[in-house]
Every structure is written in C-alpha cells, then in structure tokens.
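Data file: coords-v2.cif. Format and content: mmCIF, C-alpha atoms and all ligand atoms.
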```
data_start
loop_
_atom_site.label_atom_id
_atom_site.label_comp_id
_atom_site.auth_asym_id
_atom_site.auth_seq_id
_atom_site.Cartn_x
_atom_site.Cartn_y
_atom_site.Cartn_z
CA MET A 189 108.80 155.26 94.83
CA SER A 190 110.08 151.70 94.66
CA TRP A 191 107.21 149.30 93.88
CA ALA A 192 104.50 151.99 94.08
CA SER A 193 105.68 153.82 90.97
CA SER A 194 107.55 150.94 89.37
CA ASN A 195 104.93 150.83 86.62
CA SER A 196 104.07 152.89 83.58
CA ALA A 197 100.42 153.68 84.41
CA LEU A 198 101.14 155.99 87.34
CA VAL A 199 103.90 157.82 85.48
CA ILE A 200 101.75 158.35 82.38
CA ALA A 201 98.75 159.52 84.43
CA VAL A 202 100.79 162.06 86.43
CA SER A 203 102.65 163.43 83.42
CA ASN A 204 99.54 163.73 81.25
CA ALA A 205 97.85 165.61 84.12
CA GLY A 206 100.61 168.23 84.23
CA GLY A 207 102.98 166.77 86.82
CA MET A 208 106.17 164.86 86.18
CA GLY A 209 105.76 161.15 86.71
CA VAL A 210 108.86 159.23 87.77
CA LEU A 211 109.37 155.52 87.12
CA ALA A 212 111.09 153.88 90.11
CA GLY A 213 113.64 151.57 88.54
CA GLY A 214 115.22 150.37 91.80
CA PRO A 215 113.26 147.14 92.33
CA MET A 216 112.50 146.41 88.66
CA ARG A 217 113.89 143.60 86.55
CA VAL A 218 115.82 144.92 83.60
CA GLU A 219 113.30 143.63 81.04
CA ASP A 220 110.33 145.05 82.98
CA PHE A 221 112.08 148.42 83.22
CA ALA A 222 112.71 148.44 79.45
CA ARG A 223 109.07 147.57 78.78
CA ALA A 224 107.76 150.28 81.14
CA VAL A 225 110.06 152.89 79.58
CA ALA A 226 108.72 152.00 76.12
CA GLN A 227 105.12 152.19 77.39
CA ILE A 228 105.72 155.61 78.93
CA LYS A 229 107.29 156.91 75.73
CA ALA A 230 104.21 155.77 73.84
CA GLY A 231 101.81 157.02 76.53
CA THR A 232 102.85 160.64 77.00
CA SER A 233 104.52 163.47 75.15
CA LYS A 234 104.93 165.40 78.42
CA PRO A 235 108.02 165.48 80.68
CA TRP A 236 108.65 162.34 82.72
CA GLY A 237 111.60 160.78 84.45
CA VAL A 238 113.14 157.64 85.84
CA ASN A 239 114.67 157.09 89.27
CA ILE A 240 117.76 154.92 89.35
CA PRO A 241 119.54 154.36 92.66
CA LEU A 242 123.13 154.51 91.40
CA ASN A 243 124.37 151.99 93.96
CA ASN A 244 121.93 149.35 92.65
CA PRO A 245 123.71 146.33 91.14
CA ARG A 246 121.48 146.64 88.05
CA ALA A 247 122.14 150.39 87.70
CA PRO A 248 124.53 150.07 84.71
CA GLN A 249 121.90 148.18 82.68
CA LEU A 250 119.07 150.48 83.74
CA LEU A 251 121.18 153.52 82.85
CA ASP A 252 121.89 152.08 79.40
CA ILE A 253 118.17 151.53 78.76
CA ALA A 254 117.37 155.06 79.95
CA PHE A 255 120.10 156.43 77.68
CA GLU A 256 118.93 154.49 74.63
CA ALA A 257 115.38 155.74 75.28
CA ARG A 258 116.67 159.34 75.52
CA ILE A 259 114.70 159.93 78.69
CA PRO A 260 113.78 163.59 79.31
CA VAL A 261 114.62 163.55 83.04
CA MET A 262 116.78 161.49 85.37
CA VAL A 263 116.05 161.56 89.09
CA ALA A 264 119.10 159.79 90.47
CA SER A 265 119.70 158.82 94.06
CA GLN A 266 122.22 157.07 96.29
CA GLY A 267 125.54 157.37 94.54
CA GLY A 268 128.04 159.54 92.70
CA VAL A 269 127.03 161.13 89.37
CA ARG A 270 130.33 162.05 87.78
CA GLY A 271 130.66 158.98 85.59
CA HIS A 272 127.15 159.39 84.13
CA LEU A 273 126.39 163.05 83.62
CA ALA A 274 128.28 163.73 80.40
CA ARG A 275 126.57 161.15 78.20
CA PHE A 276 123.06 162.09 79.42
CA ARG A 277 123.91 165.78 78.85
CA GLY A 278 124.74 164.80 75.31
CA ILE A 279 121.15 163.68 74.66
CA GLY A 280 119.55 166.61 76.50
CA THR A 281 118.42 164.75 79.63
CA LYS A 282 117.93 166.96 82.70
CA TRP A 283 119.62 165.40 85.70
CA LEU A 284 118.02 165.85 89.12
CA HIS A 285 119.80 164.42 92.12
CA VAL A 286 118.17 163.37 95.39
CA VAL A 287 120.01 164.63 98.49
CA ALA A 288 119.20 164.61 102.19
CA SER A 289 121.93 166.83 103.62
CA ILE A 290 123.63 170.12 102.90
CA GLU A 291 126.92 168.27 102.30
CA HIS A 292 125.43 166.09 99.58
CA ALA A 293 123.64 169.10 98.07
CA LEU A 294 126.91 170.98 97.66
CA LYS A 295 128.65 167.87 96.33
CA ALA A 296 125.93 167.29 93.71
CA GLN A 297 126.08 170.96 92.69
CA ALA A 298 129.86 170.72 92.29
CA ALA A 299 129.41 167.60 90.14
CA GLY A 300 127.23 169.63 87.76
CA VAL A 301 123.66 168.32 88.19
CA ASP A 302 120.77 170.44 86.88
CA ALA A 303 118.63 170.50 90.02
CA LEU A 304 118.30 168.98 93.47
CA VAL A 305 115.53 167.01 95.11
CA VAL A 306 115.85 167.69 98.83
CA ASP A 307 114.37 165.07 101.14
CA GLY A 308 113.50 166.08 104.71
CA ALA A 309 112.92 163.92 107.77
CA GLU A 310 109.16 163.64 107.31
CA ALA A 311 109.68 161.70 104.09
CA GLY A 312 108.77 158.10 103.52
CA GLY A 313 111.55 155.92 102.16
CA HIS A 314 115.02 157.22 102.94
CA PRO A 315 114.92 160.37 105.08
CA PRO A 316 118.07 162.20 106.20
CA PRO A 317 120.10 160.26 108.79
CA ALA A 318 120.45 163.56 110.70
CA GLU A 319 116.62 163.80 110.86
CA VAL A 320 116.46 167.43 109.75
CA SER A 321 112.90 168.42 108.82
CA THR A 322 111.88 169.43 105.30
CA LEU A 323 111.04 172.93 106.57
CA VAL A 324 114.59 173.52 107.77
CA LEU A 325 116.62 171.48 105.26
CA VAL A 326 114.95 172.90 102.15
CA ARG A 327 115.46 176.45 103.37
CA ARG A 328 119.09 175.73 104.23
CA VAL A 329 119.77 174.25 100.79
CA VAL A 330 117.90 177.01 98.93
CA LYS A 331 120.08 179.56 100.69
CA SER A 332 123.30 177.69 99.87
CA VAL A 333 123.08 176.55 96.24
CA LYS A 334 122.52 178.18 92.87
CA LEU A 335 120.45 175.29 91.49
CA PRO A 336 116.67 174.87 91.38
CA VAL A 337 115.46 172.93 94.42
CA VAL A 338 112.59 170.45 94.47
CA ALA A 339 111.29 170.03 98.03
CA SER A 340 110.35 166.55 99.20
CA GLY A 341 109.00 165.04 102.40
CA GLY A 342 105.77 165.71 104.23
CA ILE A 343 103.89 167.27 101.31
CA ALA A 344 100.49 165.74 100.66
CA ASP A 345 98.33 168.63 99.46
CA GLY A 346 98.39 172.01 97.76
CA TYR A 347 98.89 173.78 101.08
CA GLY A 348 102.16 171.91 101.59
CA ILE A 349 103.18 172.77 98.04
CA ALA A 350 102.53 176.47 98.70
CA ALA A 351 104.64 176.26 101.86
CA MET A 352 107.59 174.82 99.95
CA LEU A 353 107.31 177.40 97.16
CA ALA A 354 107.32 180.06 99.87
CA LEU A 355 110.61 178.66 101.15
CA GLY A 356 112.16 179.16 97.72
CA ALA A 357 111.70 175.70 96.18
CA GLU A 358 110.93 175.64 92.45
CA GLY A 359 108.90 172.48 92.70
CA VAL A 360 107.90 169.60 94.95
CA GLN A 361 108.12 165.82 94.97
CA LEU A 362 105.26 163.86 96.50
CA GLY A 363 105.61 160.22 97.45
CA THR A 364 103.25 158.90 100.11
CA ARG A 365 100.21 160.78 98.73
CA PHE A 366 100.48 158.89 95.45
CA ILE A 367 100.47 155.49 97.17
CA ALA A 368 96.76 156.15 97.63
CA THR A 369 95.97 156.03 93.91
CA PRO A 370 94.57 153.10 91.92
CA GLU A 371 97.66 153.30 89.67
CA ALA A 372 100.18 152.73 92.49
CA SER A 373 101.41 149.14 92.25
CA VAL A 374 101.36 148.10 95.89
CA HIS A 375 99.13 145.59 97.69
CA PRO A 376 95.66 146.89 98.73
CA ALA A 377 96.60 146.25 102.40
CA TYR A 378 99.47 148.75 101.99
CA LYS A 379 97.12 151.43 100.64
CA GLU A 380 94.67 150.70 103.44
CA ALA A 381 97.44 151.10 106.05
CA VAL A 382 98.37 154.51 104.59
CA LEU A 383 94.73 155.63 104.74
CA LYS A 384 94.40 154.49 108.36
CA ALA A 385 97.66 156.05 109.61
CA ASP A 386 97.73 159.35 111.45
CA VAL A 387 100.63 161.80 111.46
CA GLY A 388 102.30 160.19 114.48
CA ASP A 389 102.06 156.64 113.23
CA THR A 390 105.43 156.33 111.51
CA ALA A 391 108.72 155.00 112.83
CA PHE A 392 112.29 155.96 111.98
CA VAL A 393 114.08 152.63 111.63
CA GLY A 394 117.82 152.06 111.29
CA ARG A 395 119.40 155.03 113.06
CA GLY A 396 123.17 154.99 112.64
CA GLY A 397 122.93 153.29 109.23
CA HIS A 398 120.73 154.05 106.24
CA PRO A 399 117.46 154.77 108.03
CA ILE A 400 113.97 154.43 106.61
CA ARG A 401 110.66 155.96 107.62
CA GLN A 402 107.78 153.52 107.59
CA LEU A 403 104.38 153.02 109.17
CA ARG A 404 104.75 151.69 112.70
CA ASN A 405 104.07 147.96 112.82
CA ALA A 406 105.20 144.73 114.50
CA PHE A 407 108.55 144.88 112.68
CA SER A 408 109.34 148.50 113.63
CA ASP A 409 108.20 147.87 117.23
CA ARG A 410 110.51 144.87 117.47
CA TYR A 411 113.35 146.97 116.08
CA ALA A 412 112.66 149.83 118.52
CA THR A 413 112.56 147.41 121.44
CA ALA A 414 115.91 145.91 120.41
CA GLU A 415 117.36 149.42 120.02
CA ARG A 416 116.22 150.43 123.50
CA ALA A 417 117.62 147.22 124.95
CA GLY A 418 121.09 148.18 123.72
CA THR A 419 121.31 145.41 121.10
CA THR A 420 124.64 145.44 119.24
CA ALA A 421 124.92 147.27 115.93
CA GLU A 422 125.56 143.95 114.21
CA GLU A 423 122.36 142.39 115.60
CA LEU A 424 120.36 145.50 114.71
CA GLU A 425 121.67 145.32 111.16
CA LYS A 426 120.52 141.71 110.92
CA LEU A 427 117.10 142.64 112.26
CA PHE A 428 116.89 145.54 109.79
CA ALA A 429 117.74 143.28 106.87
CA ALA A 430 115.20 140.63 107.89
CA ALA A 431 112.24 142.72 106.68
CA THR A 432 111.77 144.18 103.20
CA LEU A 433 109.67 146.72 101.36
CA LYS A 434 108.79 143.99 98.85
CA GLN A 435 107.21 141.94 101.64
CA ALA A 436 104.79 144.79 102.35
CA ALA A 437 104.32 146.12 98.82
CA LEU A 438 103.96 142.85 96.92
CA ASP A 439 102.77 140.32 99.52
CA GLY A 440 100.71 142.75 101.63
CA ASP A 441 102.52 141.82 104.85
CA VAL A 442 101.94 145.16 106.56
CA ALA A 443 102.77 143.73 110.01
CA TRP A 444 106.28 142.42 109.37
CA GLY A 445 107.30 144.15 106.15
CA LYS A 446 108.81 147.61 105.71
CA VAL A 447 105.69 149.66 105.00
CA GLU A 448 107.64 152.69 103.84
CA ALA A 449 105.56 155.87 104.08
CA GLY A 450 105.98 159.38 105.40
CA GLN A 451 104.36 161.36 108.18
CA SER A 452 102.10 162.81 105.48
CA ALA A 453 100.20 159.49 105.54
CA GLY A 454 98.23 161.23 108.28
CA LEU A 455 97.04 163.77 105.70
CA VAL A 456 95.82 161.13 103.25
CA ASP A 457 92.15 160.16 103.54
CA ASP A 458 91.13 158.80 100.18
CA ILE A 459 92.19 156.84 97.15
CA LEU A 460 91.98 159.03 94.07
CA PRO A 461 92.96 158.41 90.46
CA ALA A 462 96.29 160.17 89.88
CA ALA A 463 94.89 162.62 87.33
CA GLU A 464 92.12 163.65 89.71
CA LEU A 465 94.64 164.00 92.53
CA MET A 466 96.76 166.28 90.33
CA ARG A 467 93.73 168.50 89.69
CA ARG A 468 93.00 168.63 93.41
CA LEU A 469 96.59 169.54 94.25
CA VAL A 470 96.51 172.44 91.79
CA ALA A 471 93.15 173.68 93.12
CA GLU A 472 94.44 173.55 96.70
CA LEU A 473 97.64 175.31 95.70
CA ASN A 474 95.57 178.09 94.15
CA GLN A 475 93.45 178.33 97.31
CA ALA A 476 96.55 178.47 99.49
CA SER A 477 98.15 181.13 97.29
CA ALA A 478 94.96 183.22 97.26
CA ARG A 479 94.81 182.93 101.03
CA LEU A 480 98.36 184.18 101.39
CA ASN A 481 97.75 186.98 98.90
CA GLN A 482 94.63 188.12 100.71
CA GLY A 483 96.61 188.68 103.87
CA GLN A 484 96.02 188.01 107.50
CA SER A 485 92.39 189.08 107.76
CA THR A 486 91.30 185.86 106.06
CA PHE A 487 93.72 183.49 107.74
CA SER A 488 91.20 182.17 110.20
CA GLU A 489 88.57 181.39 107.56
CA ALA A 490 90.10 179.73 104.50
CA ARG A 491 91.34 176.27 105.34
C1 LIG B 1 107.25 153.32 99.40
C2 LIG B 1 108.29 154.32 99.07
C3 LIG B 1 109.33 153.95 98.22
C4 LIG B 1 110.31 154.87 97.88
N1 LIG B 1 111.30 154.49 97.01
C5 LIG B 1 112.21 155.40 96.58
C6 LIG B 1 113.16 155.05 95.59
O1 LIG B 1 113.20 153.93 95.09
N2 LIG B 1 114.04 156.01 95.20
C7 LIG B 1 114.03 157.28 95.71
O2 LIG B 1 114.83 158.13 95.31
N3 LIG B 1 113.11 157.63 96.66
C8 LIG B 1 112.22 156.72 97.09
N4 LIG B 1 111.26 157.09 98.02
C9 LIG B 1 111.22 158.48 98.49
C10 LIG B 1 110.26 159.30 97.62
O3 LIG B 1 110.78 159.42 96.32
C11 LIG B 1 110.02 160.71 98.19
O4 LIG B 1 111.25 161.37 98.34
C12 LIG B 1 109.30 160.69 99.52
O5 LIG B 1 108.26 159.75 99.49
C13 LIG B 1 108.77 162.07 99.82
O6 LIG B 1 108.17 162.13 101.07
P1 LIG B 1 106.59 161.87 101.30
O7 LIG B 1 106.47 160.40 101.33
O8 LIG B 1 106.33 162.51 102.61
O9 LIG B 1 105.85 162.49 100.16
C14 LIG B 1 110.27 156.18 98.40
C15 LIG B 1 109.24 156.54 99.26
C16 LIG B 1 108.25 155.64 99.60
C17 LIG B 1 107.13 156.08 100.50
#
```
Take the structure in this file and express it as structure tokens.
Amino acid sequence: MSWASSNSALVIAVSNAGGMGVLAGGPMRVEDFARAVAQIKAGTSKPWGVNIPLNNPRAPQLLDIAFEARIPVMVASQGGVRGHLARFRGIGTKWLHVVASIEHALKAQAAGVDALVVDGAEAGGHPPPAEVSTLVLVRRVVKSVKLPVVASGGIADGYGIAAMLALGAEGVQLGTRFIATPEASVHPAYKEAVLKADVGDTAFVGRGGHPIRQLRNAFSDRYATAERAGTTAEELEKLFAAATLKQAALDGDVAWGKVEAGQSAGLVDDILPAAELMRRLVAELNQASARLNQGQSTFSEAR
C-alpha cells in the first residue's frame, strides 16, 4: 500500500510473524527505497516482497535496486512484465502480478508470471474498473488459469481468509486492515478515519478512467456531485487530479485528500501491532475452518 507500507517496519513485522510483508515502492524516493530494502534484508530472513507499479517514472531505478538486492518476491502492478521477468527469474525472484480483470489475468499468465494477485471491487486503492466483486472475480480467475491465485479486496479477518481459500485461492492480500497498525506510515487522522468508517462509507471515484476506492469525504462528494451533474470527462479528470493520496496520508487532510481504503474499513475496530494482528488472523482462520469442518449444526453459534 502506497505510503502505508512504504516503510521497512511494517514489512519486517509482517514477515517475521509468518505473513509476507510488501514494501510499496510507488511513492518512495529512490534513495529511501534503497534504504528500506537494505533494512528489510537485515531485519528478516523470511519471505518478503516489493511492489513496483511498472508505469511509475521511477520504476526502472526501483527495479534495478530490487534486482541488486535479489529480492525474494516481486508484486508488480500497472504495466507489462515481459521486459522484466527474465532477469528476475535469473536470481530466483518469484513474480506475482496484480490484476483486476479476467483479461489481465490471462495476459499475465501468458507472459509467464508465477502467481496472480486478484483485486476485487471491495478493495481500497485501485479496484477493477468493471466493479466486479472479489467473490466473483477470484472464482472466475481461479477457474480460468493454472497459476496460484492470491485473493485481494474486502478481507479484514480470518473469516474472510477462509472464504477466499474456499473459493480456490492459495493465499490472500490484505490492505486496509494493516492501515490500522502502529507500523503503517500514514497520518493518525487517516487511521482514525479507517476506524470510524462503516462498510458503506467508501466511494468509487473516477469511473471511466482509473478508478479508486476511498473513504467518502468532501472530495469524493464533490466528485460525485460533478459526475451527477454531467460534468465533462475533461473537467472530471481535472477534479480527480486535484486531490492526492499523499495529501491524506502525509498531511492528514482526510476531508480533501484521497483517503484510499476498502469496504473492509467497516470491519476494522482497533489499532493492533502487525505481529499481533497476524496472530489474530491465524486464530480466526482456524476458528472459521473448524466451524466449516463441524458442519451446519454449529453455524448459528460460532461467530
Ligand atoms: C492506501 C492504499 C494504498 C494502496 N497502494 C497500492 C500500491 O501502491 N500498489 C498496489 O499494487 N496496490 C495498492 N493498494 C491496493 C492494496 O495492495 C490491496 O490490493 C487492497 O488494499 C486490498 O483490498 P483491502 O483494502 O480491502 O484489503 C493500495 C491500497 C490502499 C488502501
């Protein structure tokens, strides 16, 4: 997650607790990225990864740093992979690619990636323009590819993880839930807004372009009003570009910034250290699995 996981502490904490922390390189300066990569290498011997949006102007430099550091896992998004795969293969890096449609899933498979991260419409950040839910999109992709699938979007606890494993996913990616950790590097007002939000408090902003899901606020309301009023695509684009994630994440402007977060914000009630959160997720997953294994007689009791 840009800004939230653009630091080494969250990645190290998640990986050392048995998950796979991912450093979000997108908003980072090249030298900060290099420093964080070195810190992570020193801080964990467990699997970890970096996210590099391939259409980012700094992507070539970030990719070079990741290559030099022989990163275990790449979680790439937004762009073609063909020019990059071979050299990372050569150093044993596993390449996961983020997709939000069946078309992109098939394209990434054809390009030779190792696994897919499939983002559904509930997700914070960049959900599918077609607004297909995680429940439906993950199942569709699982049925159509031969690669391992990591389900993403709307998962905030072990019960959601169990649901995605039931659909055939091999793993899950959680975003919004980890904003509510002390290690996430966003402004306290951002974390507070995630805690306060309920499941219906997000907005889908930027339909027709590269949409985002964020917490509803003055900015998203203004955008929705303009959309309803039939504002031209050009004007809407200008409006969209006038607010940023940085504004919310760094400056704490949760009224006029892009407070990117998923519908799962409504399932988040507390700030927990990442390692503790990991333990809770595993305990809940075990409860959910036990509940399913016990069969229907217990369905009404175990929540
Ligand atoms: C604040 C925020 C920033 C994000 N930044 C990125 C990013 O830089 N690259 C990326 O691939 N996904 C990004 N995402 C998407 C997440 O990686 C993940 O797919 C999504 O949060 C999953 O849905 P959830 O929020 O319901 O857990 C971001 C999400 C959020 C909430």
Next on the checklist: With distances taken over only C-alpha atoms, which residue among A:Gln475, A:Thr364, A:Gln402, A:Thr232 lies nearest Leu383 in chain A?
Outcome noted: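 Smallest distance to Leu383 in chain A is found for A:Thr364.
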Item to check | Separation of CA of Trp236 in chain A from CA of Phe255 in chain A in Å | outcome: 13.8 Å
Checklist entry - Could you work out how far CA of Pro316 in chain A lies from CA of Ala449 in chain A, giving the answer in Å with one decimal? => result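 A separation of 14.2 Å between them.
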Checklist entry - Given the choices A:Ser321, A:Gln451, A:Thr413, A:Gln297, which gets closest to ligand LIG 1 (chain B) if the distance is worked out from all atoms listed in the file? => result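 So, comparing all the options, the nearest one is A:Gln451.
Using all atoms listed in the file, the smallest distance between any of A:Ser332, A:Ser190, A:Ser233, A:Gln227 and ligand LIG 1 (chain B) comes from A:Ser190.
Taking all atoms listed in the file into account, those protein, DNA and RNA residues with any atom at most 10 Å away from (105.6, 152.3, 87.8) amount to Met189, Ser190, Trp191, Ala192, Ser193, Ser194, Asn195, Ser196, Ala197, Leu198, Val199, Ile200, Gly209, Val210, Leu211, Ala212, Gly213, Met216, Asp220, Phe221, Ala224, Val225, Ile228, Val238, Glu371, Ala372 and Ser373 of chain A.
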Next on the checklist: Env of range 267-274 of chain A: 12 Å cut, atoms = only C-alpha atoms, seq-sep filter 2 positions within chain, self excluded. Answer as number ranges by chain.
Outcome noted: A: 240-245, 247-248, 251-252, 254-255, 261-265, 276-287, 292-293, 295-302
